[in-house]
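Structure data (mmCIF, C-alpha atoms) from final11.cif:
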data_target
#
loop_
_atom_site.label_atom_id
_atom_site.label_comp_id
_atom_site.auth_asym_id
_atom_site.auth_seq_id
_atom_site.Cartn_x
_atom_site.Cartn_y
_atom_site.Cartn_z
CA MET A 176 -8.01 41.86 -36.04
CA ILE A 177 -5.86 38.75 -35.91
CA SER A 178 -2.61 38.29 -37.81
CA MET A 179 -1.79 35.50 -40.22
CA PRO A 180 -0.88 32.74 -39.69
CA PRO A 181 -3.30 32.52 -36.74
CA SER A 182 -1.71 31.97 -33.33
CA ASP A 183 -2.71 29.07 -31.07
CA ASN A 184 -4.86 31.47 -29.09
CA ASP A 185 -6.68 32.52 -32.26
CA LEU A 186 -7.37 28.90 -33.11
CA HIS A 187 -8.82 28.27 -29.65
CA ALA A 188 -10.92 31.39 -29.95
CA TYR A 189 -12.11 30.06 -33.30
CA VAL A 190 -13.15 26.74 -31.71
CA ASP A 191 -14.96 28.63 -28.95
CA HIS A 192 -16.83 30.97 -31.32
CA GLN A 193 -15.17 33.98 -29.77
CA LEU A 194 -13.82 35.54 -32.97
CA SER A 195 -15.44 38.35 -34.90
CA GLU A 196 -17.16 37.40 -38.14
CA ALA A 197 -14.27 38.73 -40.26
CA ASP A 198 -11.61 36.94 -38.20
CA ARG A 199 -13.59 33.73 -38.30
CA ARG A 200 -13.72 33.81 -42.08
CA GLN A 201 -9.99 34.50 -42.27
CA VAL A 202 -9.23 31.49 -40.06
CA GLU A 203 -11.49 29.30 -42.16
CA THR A 204 -9.69 30.31 -45.34
CA TYR A 205 -6.39 29.56 -43.67
CA LEU A 206 -7.52 26.15 -42.42
CA ALA A 207 -8.78 25.18 -45.88
CA SER A 208 -5.22 25.32 -47.18
CA HIS A 209 -3.45 23.92 -44.09
CA PRO A 210 -4.79 20.42 -43.47
CA ALA A 211 -2.43 19.62 -40.58
CA VAL A 212 -3.60 22.63 -38.56
CA ALA A 213 -7.19 21.94 -39.60
CA LYS A 214 -6.89 18.42 -38.22
CA ARG A 215 -5.74 19.72 -34.83
CA VAL A 216 -8.58 22.20 -34.71
CA ARG A 217 -11.09 19.52 -35.65
CA ALA A 218 -9.84 17.30 -32.83
CA TRP A 219 -10.44 20.12 -30.34
CA GLN A 220 -13.89 20.67 -31.75
CA GLN A 221 -14.67 16.98 -31.41
CA ASP A 222 -13.42 16.90 -27.83
CA ALA A 223 -15.67 19.84 -27.01
CA GLN A 224 -18.59 18.15 -28.72
CA HIS A 225 -17.94 14.94 -26.78
CA LEU A 226 -17.80 16.81 -23.55
CA ARG A 227 -21.09 18.57 -24.23
CA ALA A 228 -22.75 15.27 -25.08
CA THR A 229 -21.36 13.41 -22.06
CA LEU A 230 -22.05 16.16 -19.58
CA SER A 231 -25.56 16.85 -20.81
CA ALA A 232 -26.65 13.66 -19.04
CA THR A 233 -25.82 15.30 -15.70
CA LEU A 234 -28.45 17.97 -16.37
CA GLN A 235 -31.20 15.36 -16.16
CA GLN A 236 -30.71 14.47 -12.48
CA PRO A 237 -33.92 14.11 -10.45
CA LEU A 238 -34.79 17.25 -8.50
CA ASN A 239 -33.38 17.62 -5.02
CA PRO A 240 -36.00 19.51 -2.96
CA SER A 241 -33.48 20.63 -0.37
CA LEU A 242 -31.80 22.78 -3.04
CA ASP A 243 -34.90 24.83 -3.71
CA PRO A 244 -34.27 28.54 -2.97
CA THR A 245 -37.41 28.79 -0.80
CA VAL A 246 -36.29 25.90 1.39
CA ILE A 247 -32.77 27.33 1.61
CA ARG A 248 -34.06 30.76 2.64
CA GLN A 249 -36.13 29.21 5.40
CA ARG A 250 -33.25 27.15 6.66
CA MET A 251 -31.01 30.22 6.73
CA LYS A 252 -33.61 32.30 8.57
CA HIS A 253 -34.05 29.55 11.08
CA ARG A 254 -30.38 29.13 11.71
CA SER A 255 -29.63 32.81 12.10
CA ARG A 256 -32.50 33.26 14.53
CA ARG A 257 -31.26 30.39 16.63
CA HIS A 258 -27.71 31.75 16.58
CA LEU A 259 -28.94 35.18 17.63
CA ALA A 260 -30.92 33.74 20.50
CA SER A 261 -28.01 31.62 21.69
CA ALA A 262 -25.66 34.59 21.32
CA ALA A 263 -27.95 36.78 23.39
CA VAL A 264 -28.11 34.30 26.23
CA LEU A 265 -24.35 33.72 26.05
CA MET A 266 -23.75 37.45 26.34
CA LEU A 267 -25.95 37.47 29.38
CA ALA A 268 -24.02 34.50 30.72
CA VAL A 269 -20.73 36.28 30.25
CA GLY A 270 -22.22 39.26 32.05
CA VAL A 271 -23.25 37.17 35.02
CA GLY A 272 -19.79 35.65 34.90
CA GLY A 273 -17.98 32.80 36.53
CA LEU A 274 -19.54 29.50 37.33
CA GLY A 275 -23.03 30.85 36.90
CA GLY A 276 -22.16 31.86 33.36
CA TRP A 277 -20.86 28.46 32.56
CA GLN A 278 -24.05 26.88 33.80
CA ALA A 279 -26.11 29.30 31.78
CA ARG A 280 -24.12 28.25 28.75
CA GLN A 281 -24.95 24.62 29.41
CA ILE A 282 -28.60 25.52 29.65
CA THR A 283 -28.40 27.46 26.40
CA LEU A 284 -26.87 24.50 24.65
CA LEU A 285 -29.49 22.18 26.05
CA SER A 286 -32.36 24.36 25.03
CA ALA A 287 -30.84 25.46 21.72
CA ALA A 288 -33.57 23.42 20.13
CA ALA A 289 -36.55 25.59 21.06
CA PRO A 290 -39.56 23.69 22.38
CA MET A 291 -41.39 21.71 19.77
CA ALA A 292 -39.27 23.05 16.92
CA ASP A 293 -39.96 19.79 15.16
CA ALA A 294 -43.69 20.50 15.21
CA LEU A 295 -43.10 23.77 13.38
CA GLN A 296 -40.74 22.14 10.95
CA ALA A 297 -43.24 19.39 10.24
CA TYR A 298 -45.94 21.99 9.63
CA ARG A 299 -43.73 23.76 7.11
CA LEU A 300 -42.79 20.59 5.29
CA ILE A 301 -46.20 19.00 5.21
CA ALA A 302 -48.90 21.64 5.42
CA GLN A 303 -47.14 24.55 3.71
CA GLN A 304 -44.82 23.08 1.15
CA GLY A 305 -46.39 19.68 0.67
CA VAL A 306 -42.91 18.14 0.56
CA LEU A 307 -44.02 15.04 2.47
CA PRO A 308 -47.22 13.31 1.41
CA ALA A 309 -49.87 12.26 3.95
CA ASP A 310 -49.91 8.67 5.23
CA TYR A 311 -53.55 8.75 6.08
CA GLN A 312 -56.44 10.80 4.77
CA THR A 313 -59.96 10.98 6.06
CA GLY A 314 -62.93 13.24 6.42
CA ASP A 315 -63.93 12.38 9.95
CA GLU A 316 -62.52 12.72 13.39
CA HIS A 317 -63.22 9.19 14.59
CA SER A 318 -61.21 7.38 12.00
CA MET A 319 -58.36 9.87 12.46
CA GLN A 320 -58.39 9.20 16.19
CA GLY A 321 -58.34 5.47 15.41
CA TRP A 322 -55.31 5.94 13.20
CA LEU A 323 -53.46 7.88 15.92
CA ASP A 324 -54.35 5.29 18.56
CA ARG A 325 -52.57 2.65 16.56
CA TYR A 326 -49.28 4.41 17.31
CA PHE A 327 -49.83 6.23 20.62
CA THR A 328 -51.31 4.73 23.74
CA GLN A 329 -53.51 6.77 26.02
CA ALA A 330 -52.63 9.99 24.34
CA ASP A 331 -54.73 13.13 24.60
CA ARG A 332 -57.77 13.05 22.31
CA LEU A 333 -57.63 15.11 19.14
CA PRO A 334 -59.13 18.48 19.93
CA ASP A 335 -62.55 19.09 18.44
CA LEU A 336 -62.22 22.24 16.39
CA SER A 337 -65.40 21.92 14.40
CA ALA A 338 -66.77 25.01 16.19
CA ALA A 339 -64.11 27.02 14.37
CA GLY A 340 -64.79 25.16 11.12
CA PHE A 341 -61.71 22.93 11.21
CA LYS A 342 -61.79 19.20 10.53
CA PRO A 343 -58.91 16.72 10.57
CA VAL A 344 -58.11 15.77 6.97
CA SER A 345 -54.75 14.04 6.88
CA GLY A 346 -52.12 12.50 9.08
CA ARG A 347 -48.46 11.74 8.72
CA LEU A 348 -46.24 9.61 10.89
CA LEU A 349 -42.77 10.98 11.58
CA SER A 350 -39.82 9.63 13.45
CA THR A 351 -37.84 11.17 16.25
CA GLU A 352 -34.88 9.80 18.18
CA GLN A 353 -37.28 8.75 20.92
CA GLY A 354 -39.88 7.05 18.77
CA ALA A 355 -42.84 7.80 16.58
CA ALA A 356 -44.31 11.27 16.28
CA ALA A 357 -47.31 12.25 14.23
CA MET A 358 -48.86 15.29 12.75
CA VAL A 359 -52.54 15.69 11.95
CA VAL A 360 -53.55 18.47 9.59
CA TYR A 361 -56.87 20.20 10.13
CA GLN A 362 -58.40 22.22 7.39
CA ASP A 363 -61.32 24.65 7.23
CA PRO A 364 -63.56 25.24 4.21
CA SER A 365 -61.40 28.18 3.09
CA GLY A 366 -58.32 25.93 2.93
CA GLN A 367 -56.56 27.28 6.04
CA LYS A 368 -54.43 24.65 7.68
CA ILE A 369 -53.47 24.10 11.26
CA SER A 370 -51.79 21.10 12.79
CA PHE A 371 -51.85 18.91 15.84
CA TYR A 372 -48.48 17.40 16.67
CA ILE A 373 -47.68 14.65 19.11
CA ARG A 374 -44.27 13.30 20.10
CA PRO A 375 -42.62 11.37 22.90
CA PRO A 376 -40.69 13.64 25.28
CA GLY A 377 -37.00 13.26 24.45
CA PRO A 378 -34.12 13.39 26.92
CA ARG A 379 -33.91 17.12 26.20
CA ASN A 380 -37.54 17.55 25.42
CA PHE A 381 -38.64 17.04 29.00
CA LEU A 382 -42.28 17.54 29.76
CA LEU A 383 -43.21 21.07 28.92
CA PRO A 384 -45.12 23.63 30.90
CA ARG A 385 -48.05 24.90 28.88
CA GLY A 386 -46.69 27.62 26.66
CA SER A 387 -46.77 29.39 23.39
CA ARG A 388 -44.12 30.65 21.08
CA ARG A 389 -43.97 32.44 17.82
CA ASP A 390 -41.65 31.46 15.00
CA GLY A 391 -41.87 33.61 11.91
CA GLU A 392 -45.35 33.45 10.54
CA LEU A 393 -46.33 30.54 12.78
CA GLN A 394 -47.55 30.24 16.31
CA ALA A 395 -46.98 27.08 18.31
CA GLU A 396 -49.06 26.30 21.38
CA TYR A 397 -47.56 23.45 23.33
CA TRP A 398 -48.22 21.42 26.42
CA SER A 399 -47.52 18.00 27.89
CA GLY A 400 -50.05 15.33 28.63
CA PRO A 401 -49.85 11.72 29.74
CA GLY A 402 -46.69 10.34 28.20
CA TYR A 403 -46.34 12.78 25.32
CA ASN A 404 -45.66 16.35 24.32
CA TYR A 405 -48.20 18.09 22.15
CA ALA A 406 -48.31 21.17 19.97
CA MET A 407 -50.83 22.95 17.85
CA VAL A 408 -49.30 24.97 15.04
CA ILE A 409 -51.36 27.85 13.71
CA PRO A 410 -50.51 30.54 11.18
CA SER A 411 -50.42 33.63 13.38
CA ASP A 412 -51.96 37.00 12.59
CA THR A 413 -55.03 35.57 10.95
CA PRO A 414 -58.60 35.99 12.21
CA THR A 415 -58.73 32.21 12.38
CA ALA A 416 -55.92 32.18 14.89
CA GLN A 417 -57.86 34.57 17.14
CA LYS A 418 -60.99 32.50 16.88
CA LEU A 419 -59.13 29.28 17.61
CA LYS A 420 -57.44 30.72 20.64
CA GLN A 421 -60.84 31.34 22.14
CA THR A 422 -62.10 27.90 21.19
CA LEU A 423 -59.10 26.14 22.63
CA ASN A 424 -58.64 28.22 25.77
CA PHE A 425 -54.92 28.53 25.33
CA MET B 299 -37.14 38.19 -4.44
CA ASN B 300 -39.34 35.63 -6.13
CA GLU B 301 -38.01 36.62 -9.49
CA LEU B 302 -34.52 35.81 -8.25
CA ASP B 303 -35.71 32.47 -6.90
CA ASP B 304 -37.20 31.60 -10.29
CA GLN B 305 -33.97 32.47 -12.03
CA LEU B 306 -32.01 30.42 -9.52
CA ARG B 307 -34.30 27.44 -9.99
CA LEU B 308 -33.59 27.47 -13.71
CA LEU B 309 -29.86 27.49 -13.08
CA ILE B 310 -29.77 24.77 -10.43
CA PRO B 311 -29.33 21.89 -12.92
CA ARG B 312 -26.31 23.69 -14.38
CA LEU B 313 -24.84 24.36 -10.97
CA ARG B 314 -25.28 20.71 -10.06
CA ARG B 315 -23.59 19.64 -13.26
CA PHE B 316 -20.67 21.95 -12.58
CA ALA B 317 -20.44 20.72 -9.00
CA VAL B 318 -20.48 17.07 -10.12
CA SER B 319 -17.69 17.73 -12.56
CA LEU B 320 -15.64 19.31 -9.78
CA THR B 321 -16.33 16.83 -6.99
CA ARG B 322 -16.98 13.73 -9.14
CA ASN B 323 -19.51 12.69 -6.52
CA PRO B 324 -23.23 13.60 -6.73
CA SER B 325 -23.90 13.90 -3.03
CA ASN B 326 -20.85 16.06 -2.31
CA ALA B 327 -21.89 18.02 -5.36
CA ASP B 328 -25.31 18.78 -3.91
CA ASP B 329 -23.74 19.90 -0.63
CA LEU B 330 -21.58 22.24 -2.63
CA VAL B 331 -24.55 23.59 -4.58
CA GLN B 332 -26.44 24.14 -1.35
CA ALA B 333 -23.54 26.06 0.18
CA CYS B 334 -23.25 28.08 -3.01
CA LEU B 335 -26.94 29.01 -3.02
CA GLU B 336 -26.83 29.99 0.65
CA ARG B 337 -23.89 32.24 -0.03
CA ALA B 338 -25.54 33.71 -3.12
CA LEU B 339 -28.78 34.44 -1.29
CA SER B 340 -27.01 36.08 1.63
CA LYS B 341 -24.75 38.16 -0.63
CA TRP B 342 -27.50 39.16 -3.02
CA ASN B 343 -28.47 42.39 -1.26
CA ASP B 344 -25.09 44.05 -1.09
CA LYS B 345 -23.02 42.36 -3.76
CA ARG B 346 -25.35 41.37 -6.55
CA PRO B 347 -23.67 40.65 -9.88
CA GLU B 348 -23.61 43.32 -12.57
CA GLY B 349 -23.58 40.87 -15.44
CA ASP B 350 -24.48 37.27 -15.96
CA LEU B 351 -26.08 35.59 -12.93
CA ARG B 352 -24.82 32.21 -14.10
CA ALA B 353 -21.18 33.32 -14.22
CA TRP B 354 -21.54 34.90 -10.78
CA LEU B 355 -22.90 31.65 -9.31
CA PHE B 356 -20.18 29.62 -10.99
CA SER B 357 -17.56 31.80 -9.40
CA ILE B 358 -19.11 31.43 -5.92
CA LEU B 359 -19.38 27.68 -6.32
CA TYR B 360 -15.83 27.37 -7.62
CA ARG B 361 -14.42 29.39 -4.73
CA GLN B 362 -16.24 27.26 -2.21
CA PHE B 363 -15.00 24.14 -3.89
CA LEU B 364 -11.41 25.40 -3.64
CA ASP B 365 -11.85 26.26 0.04
CA ALA B 366 -13.33 22.86 0.83
CA HIS B 367 -10.63 21.19 -1.20
CA ARG B 368 -7.90 23.03 0.64
CA ARG B 369 -9.44 22.02 3.96
CA SER B 370 -9.63 18.38 2.96
CA ARG B 371 -6.06 18.45 1.67
CA ARG B 372 -4.91 19.76 5.00
CA TYR B 373 -6.88 16.96 6.63
CA ALA B 374 -5.34 14.40 4.28
CA ARG B 375 -1.86 15.59 5.13
CA MET B 376 -2.65 15.28 8.80
CA LEU B 377 -3.99 11.79 8.24
CA GLU B 378 -0.88 10.91 6.30
CA PHE B 379 1.25 12.19 9.14
CA PHE B 380 -0.51 9.96 11.64
CA THR B 381 -1.06 6.86 9.54
CA GLY B 382 1.88 7.08 7.19
CA ARG B 383 -0.48 6.70 4.28
CA ASP B 384 -1.34 9.10 1.55
CA ASP B 385 -4.96 8.96 0.52
CA ALA B 386 -4.92 12.14 -1.49
CA HIS B 387 -3.23 10.70 -4.54
CA PRO B 388 -5.29 8.76 -7.04
CA SER B 389 -4.21 5.16 -7.34
CA ALA B 390 -1.97 4.17 -10.22
CA GLU B 391 -4.75 2.02 -11.56
CA ARG B 392 -7.07 4.97 -11.82
CA SER B 393 -4.68 7.01 -13.86
CA VAL B 394 -4.07 4.15 -16.28
CA ILE B 395 -7.61 3.15 -17.08
CA ALA B 396 -9.42 5.68 -19.22
CA GLN B 397 -12.43 4.11 -20.79
CA SER B 398 -14.54 7.04 -21.83
CA SER B 399 -14.10 10.67 -22.61
CA LEU B 400 -15.71 11.41 -19.27
CA GLN B 401 -12.98 9.47 -17.54
CA ALA B 402 -10.37 11.34 -19.50
CA PHE B 403 -12.06 14.55 -18.40
CA ASP B 404 -12.25 13.37 -14.80
CA GLN B 405 -8.51 12.87 -14.71
CA LEU B 406 -7.78 16.49 -15.44
CA PRO B 407 -6.98 18.82 -12.53
CA ALA B 408 -10.01 20.65 -11.14
CA GLU B 409 -9.13 23.97 -12.72
CA GLN B 410 -8.84 22.46 -16.17
CA ARG B 411 -12.18 20.71 -15.71
CA ALA B 412 -13.77 23.98 -14.67
CA LEU B 413 -12.24 25.84 -17.61
CA LEU B 414 -13.39 23.31 -20.20
CA LEU B 415 -16.87 23.20 -18.74
CA TRP B 416 -17.21 26.97 -18.65
CA VAL B 417 -15.91 27.53 -22.16
CA SER B 418 -16.78 24.41 -24.16
CA VAL B 419 -19.99 23.34 -22.44
CA GLU B 420 -21.50 26.49 -20.94
CA GLY B 421 -20.15 28.82 -23.61
CA LEU B 422 -18.93 31.54 -21.26
CA SER B 423 -16.75 34.21 -22.86
CA TYR B 424 -13.02 34.40 -22.08
CA GLN B 425 -13.72 37.67 -20.33
CA GLN B 426 -16.29 36.07 -18.01
CA VAL B 427 -13.88 33.27 -17.17
CA ALA B 428 -11.13 35.82 -16.56
CA ASP B 429 -13.43 37.61 -14.10
CA ILE B 430 -14.24 34.38 -12.29
CA LEU B 431 -10.61 33.37 -11.89
CA ASP B 432 -9.46 36.93 -11.42
CA VAL B 433 -6.70 36.68 -14.04
CA PRO B 434 -6.15 38.45 -17.40
CA THR B 435 -7.85 36.96 -20.49
CA GLY B 436 -4.44 36.07 -21.93
CA THR B 437 -3.88 33.77 -18.96
CA VAL B 438 -7.29 32.20 -19.47
CA MET B 439 -6.37 31.45 -23.08
CA SER B 440 -3.04 29.85 -22.28
CA ARG B 441 -4.56 27.76 -19.48
CA LEU B 442 -7.37 26.72 -21.78
CA SER B 443 -4.87 25.71 -24.42
CA ARG B 444 -3.06 23.56 -21.87
CA ALA B 445 -6.32 21.99 -20.72
CA ARG B 446 -7.31 21.10 -24.29
CA GLN B 447 -3.91 19.60 -24.94
CA ALA B 448 -4.15 17.51 -21.76
CA LEU B 449 -7.64 16.27 -22.58
CA ARG B 450 -6.49 15.40 -26.11
CA GLN B 451 -3.58 13.34 -24.78
CA LEU B 452 -5.75 11.49 -22.30
CA SER B 453 -8.38 10.68 -24.93
CA GLU B 454 -5.72 9.61 -27.40
CA GLY B 455 -4.20 7.39 -24.73
CA GLU B 456 -7.57 5.73 -24.54
CA ILE B 457 -7.78 5.12 -28.26
CA ALA B 458 -4.24 3.80 -28.42
CA ARG B 459 -4.91 1.15 -25.81
CA PRO B 460 -7.74 -0.98 -27.22
CA ALA B 461 -6.26 -4.24 -25.86
CA LEU B 462 -6.90 -3.10 -22.31
CA ARG B 463 -10.55 -2.68 -23.01
CA ILE B 464 -11.05 -6.07 -24.59
CA LEU B 465 -9.37 -7.85 -21.69
CA LYS B 466 -11.24 -5.93 -18.98
#
Would you write the structure of this file as structure tokens?
Amino acid sequence: MISMPPSDNDLHAYVDHQLSEADRRQVETYLASHPAVAKRVRAWQQDAQHLRATLSATLQQPLNPSLDPTVIRQRMKHRSRRHLASAAVLMLAVGVGGLGGWQARQITLLSAAAPMADALQAYRLIAQQGVLPADYQTGDEHSMQGWLDRYFTQADRLPDLSAAGFKPVSGRLLSTEQGAAAMVVYQDPSGQKISFYIRPPGPRNFLLPRGSRRDGELQAEYWSGPGYNYAMVIPSDTPTAQKLKQTLNF
Amino acid sequence: MNELDDQLRLLIPRLRRFAVSLTRNPSNADDLVQACLERALSKWNDKRPEGDLRAWLFSILYRQFLDAHRRSRRYARMLEFFTGRDDAHPSAERSVIAQSSLQAFDQLPAEQRALLLWVSVEGLSYQQVADILDVPTGTVMSRLSRARQALRQLSEGEIARPALRILK
């Protein structure tokens, strides 16, 4: 229960609708017979109203996809895994000690970007989340190959995965520090997606020995061919992945 | 997990608005929101809020803003030391020209902006604000009173200076 005349705090609480019903009525009665105080209170109310009106415009900003919780979770998972891996190798380096350790550290830093991490990232952005739209869409392999050949000279041919039911459906050009990269999405009739990724070898992305690595729910198979590095990204642990492995002879 | 993500998605526009009113710069604001969401997601398992999710997020965002602000102030002092200039203070011009209520609002110190947004715009209770700032509710009320007074003076200053606006 507030006392009369109302204190400044009571008046603020009145403006902010934080008084009980009884107190609110008491303040209103008081204001009705004290015009000077009522004027002050009204000014506060108007300021608050102004502020609400002005700031409501900020609620209408266009969406920023990088603030989506799903994207943020993925980024965090990614980062922590990379930190863990680097930490493990650093520990090892400290164990080995001395100059050798220092060199191991250099190697860790160089390879902190795991091979073809960009292929996996592109798969997530394009095939899984649909954040980036396709540049080129087609139903047949020839025209897709034609599209790729516009940007890459003498690159490996797109693998023929029709035996496993996969056909190239869309392509997207991406940029890397070393030049153009591209990702081609294959799809099977059930809607499963896998991707073919091609990029120029960067200063740190030297030609790769044929290899395979798992990152979360994805499996990347990578190799180097004439002039470029390649990767196929496949959702792991699916029957499709098994079938493809046989088809592709990884 | 997905239920939390859905709730967060609904609150993102409000977090961005709060961040803009603190940083006065949309792209810094989004960095702040991103840092806030990362923190919230990583804290969720062991320190989830008992009450209002919105108030909890506001308090994370506000704390991160203060930390970043402190860091940049330290940087500004260092810069001042080396260059003999002080970039941290708003120019005289900026504090004179107040053309809209938003500009009056933008001239208030960060804590007063946060207070007014929480109470007047978001409608948080004094108790919730007290929890965010970790002070008694009485302190919240007296700071709020000061913030209102300051906003009033700045807006009145604007009304009392019509000549400035006509000249532009």
| task | Name the residues that the PyMOL selection byres ((chain A and resi 216) around 12) picks from the file above, as a ChimeraX atom specification, using the file's chain letters and numbers. | result | /A:181,183-191,202-203,205-207,209-215,217-223 /B:443,446-447,450
| request: Output the residue selection produced by the PyMOL selection byres ((chain A and resi 242) around 10) on the file above, formatted as a PyMOL selection string. | output: (chain A and resi 238-241+243-247) or (chain B and resi 307+310+314+328-329+331-333+335-336)
| said: Report, in Å with one decimal, the straight-line distance from atom CA of Arg325 of chain A to atom CA of Lys368 of chain A. | reply: 23.8 Å
| said: Contacts from chain B to chain A, 6 Å maximum, only C-alpha atoms: show me the residue list as an MDAnalysis selection string. | reply: chainID B and resid 303 311 315 332 418:419
| request: Work out how far atom CA of Ala402 of chain B is from atom CA of Arg441 of chain B, in Å to one decimal. | output: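 Here the two named atoms are 17.4 Å from each other.
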| task | Would you kindly translate the PyMOL selection byres ((chain A and resi 293) around 10) into the concrete residues it picks from this file, as number ranges by chain? | result | A: 288-292, 294-299, 349, 351, 356, 372, 374, 406
| request: Quick one: pull the distance between atom CA of Leu348 of chain A and atom CA of Asn326 of chain B, Å, one decimal. | output: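 Going from atom CA of Leu348 of chain A over to atom CA of Asn326 of chain B covers 29.3 Å.
Using only C-alpha atoms, the protein and nucleic acid residues lying no more than 9 Å from segment 350-358 of chain B, apart from those fewer than 3 places from it along its own chain, are B:Gln305, B:Leu306, B:Leu309, B:Arg312, B:Leu313, B:Phe316, B:Cys334, B:Leu335, B:Arg337, B:Ala338, B:Arg346, B:Pro347, B:Arg361, B:Gln362, B:Phe363, B:Trp416, B:Leu422, B:Gln426, B:Val427, B:Asp429, B:Ile430, B:Leu431.
The residue that comes closest to Gly391 of chain A, out of A:Lys252, A:Asp315, A:Thr204, A:Gly340 and on the basis of all atoms listed in the file, is A:Lys252.
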Put a box with edges along x, y and z around all the listed atoms of segment 221-226 of chain A, pad it by 6 Å on each side, then give me its centre and sizes in Å, one decimal, as AutoDock Vina command-line options.
--center_x -16.0 --center_y 17.4 --center_z -27.5 --size_x 17.2 --size_y 16.9 --size_z 19.9
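Residues in contact range of Pro407 of chain B, defined as at most 10 Å between only C-alpha atoms, with sequence neighbours fewer than 6 positions away removed, read Leu320, Ala445 and Ala448 of chain B.
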N, CA and C atoms are needed for segment 287-303 of chain A; please write them out as a PDB file, keeping the file's coordinate frame.
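That gives us selection.pdb:
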ATOM      1  N   ALA A 287     -31.048  24.827  23.024  1.00  0.00           N
ATOM      2  CA  ALA A 287     -30.840  25.460  21.720  1.00  0.00           C
ATOM      3  C   ALA A 287     -31.936  25.047  20.762  1.00  0.00           C
ATOM      4  N   ALA A 288     -32.409  23.806  20.908  1.00  0.00           N
ATOM      5  CA  ALA A 288     -33.570  23.420  20.130  1.00  0.00           C
ATOM      6  C   ALA A 288     -34.780  23.943  20.909  1.00  0.00           C
ATOM      7  N   ALA A 289     -35.409  24.973  20.387  1.00  0.00           N
ATOM      8  CA  ALA A 289     -36.550  25.590  21.060  1.00  0.00           C
ATOM      9  C   ALA A 289     -37.670  24.562  21.172  1.00  0.00           C
ATOM     10  N   PRO A 290     -38.544  24.723  22.164  1.00  0.00           N
ATOM     11  CA  PRO A 290     -39.560  23.690  22.380  1.00  0.00           C
ATOM     12  C   PRO A 290     -40.406  23.422  21.148  1.00  0.00           C
ATOM     13  N   MET A 291     -40.555  22.174  20.860  1.00  0.00           N
ATOM     14  CA  MET A 291     -41.390  21.710  19.770  1.00  0.00           C
ATOM     15  C   MET A 291     -41.015  22.322  18.415  1.00  0.00           C
ATOM     16  N   ALA A 292     -39.722  22.546  18.220  1.00  0.00           N
ATOM     17  CA  ALA A 292     -39.270  23.050  16.920  1.00  0.00           C
ATOM     18  C   ALA A 292     -39.635  22.061  15.828  1.00  0.00           C
ATOM     19  N   ASP A 293     -39.644  20.784  16.190  1.00  0.00           N
ATOM     20  CA  ASP A 293     -39.960  19.790  15.160  1.00  0.00           C
ATOM     21  C   ASP A 293     -41.407  19.885  14.702  1.00  0.00           C
ATOM     22  N   ALA A 294     -42.292  20.341  15.608  1.00  0.00           N
ATOM     23  CA  ALA A 294     -43.690  20.500  15.210  1.00  0.00           C
ATOM     24  C   ALA A 294     -43.815  21.588  14.140  1.00  0.00           C
ATOM     25  N   LEU A 295     -43.061  22.675  14.349  1.00  0.00           N
ATOM     26  CA  LEU A 295     -43.100  23.770  13.380  1.00  0.00           C
ATOM     27  C   LEU A 295     -42.506  23.333  12.044  1.00  0.00           C
ATOM     28  N   GLN A 296     -41.398  22.597  12.167  1.00  0.00           N
ATOM     29  CA  GLN A 296     -40.740  22.140  10.950  1.00  0.00           C
ATOM     30  C   GLN A 296     -41.656  21.201  10.175  1.00  0.00           C
ATOM     31  N   ALA A 297     -42.330  20.323  10.910  1.00  0.00           N
ATOM     32  CA  ALA A 297     -43.240  19.390  10.240  1.00  0.00           C
ATOM     33  C   ALA A 297     -44.370  20.151   9.564  1.00  0.00           C
ATOM     34  N   TYR A 298     -44.867  21.191  10.230  1.00  0.00           N
ATOM     35  CA  TYR A 298     -45.940  21.990   9.630  1.00  0.00           C
ATOM     36  C   TYR A 298     -45.455  22.596   8.314  1.00  0.00           C
ATOM     37  N   ARG A 299     -44.252  23.116   8.329  1.00  0.00           N
ATOM     38  CA  ARG A 299     -43.730  23.760   7.110  1.00  0.00           C
ATOM     39  C   ARG A 299     -43.597  22.737   5.983  1.00  0.00           C
ATOM     40  N   LEU A 300     -43.044  21.591   6.329  1.00  0.00           N
ATOM     41  CA  LEU A 300     -42.790  20.590   5.290  1.00  0.00           C
ATOM     42  C   LEU A 300     -44.069  19.987   4.740  1.00  0.00           C
ATOM     43  N   ILE A 301     -45.025  19.748   5.641  1.00  0.00           N
ATOM     44  CA  ILE A 301     -46.200  19.000   5.210  1.00  0.00           C
ATOM     45  C   ILE A 301     -47.344  19.917   4.803  1.00  0.00           C
ATOM     46  N   ALA A 302     -47.707  20.840   5.702  1.00  0.00           N
ATOM     47  CA  ALA A 302     -48.900  21.640   5.420  1.00  0.00           C
ATOM     48  C   ALA A 302     -48.597  22.771   4.447  1.00  0.00           C
ATOM     49  N   GLN A 303     -47.397  23.398   4.568  1.00  0.00           N
ATOM     50  CA  GLN A 303     -47.140  24.550   3.710  1.00  0.00           C
ATOM     51  C   GLN A 303     -46.539  24.186   2.378  1.00  0.00           C
TER      52      GLN A 303
END
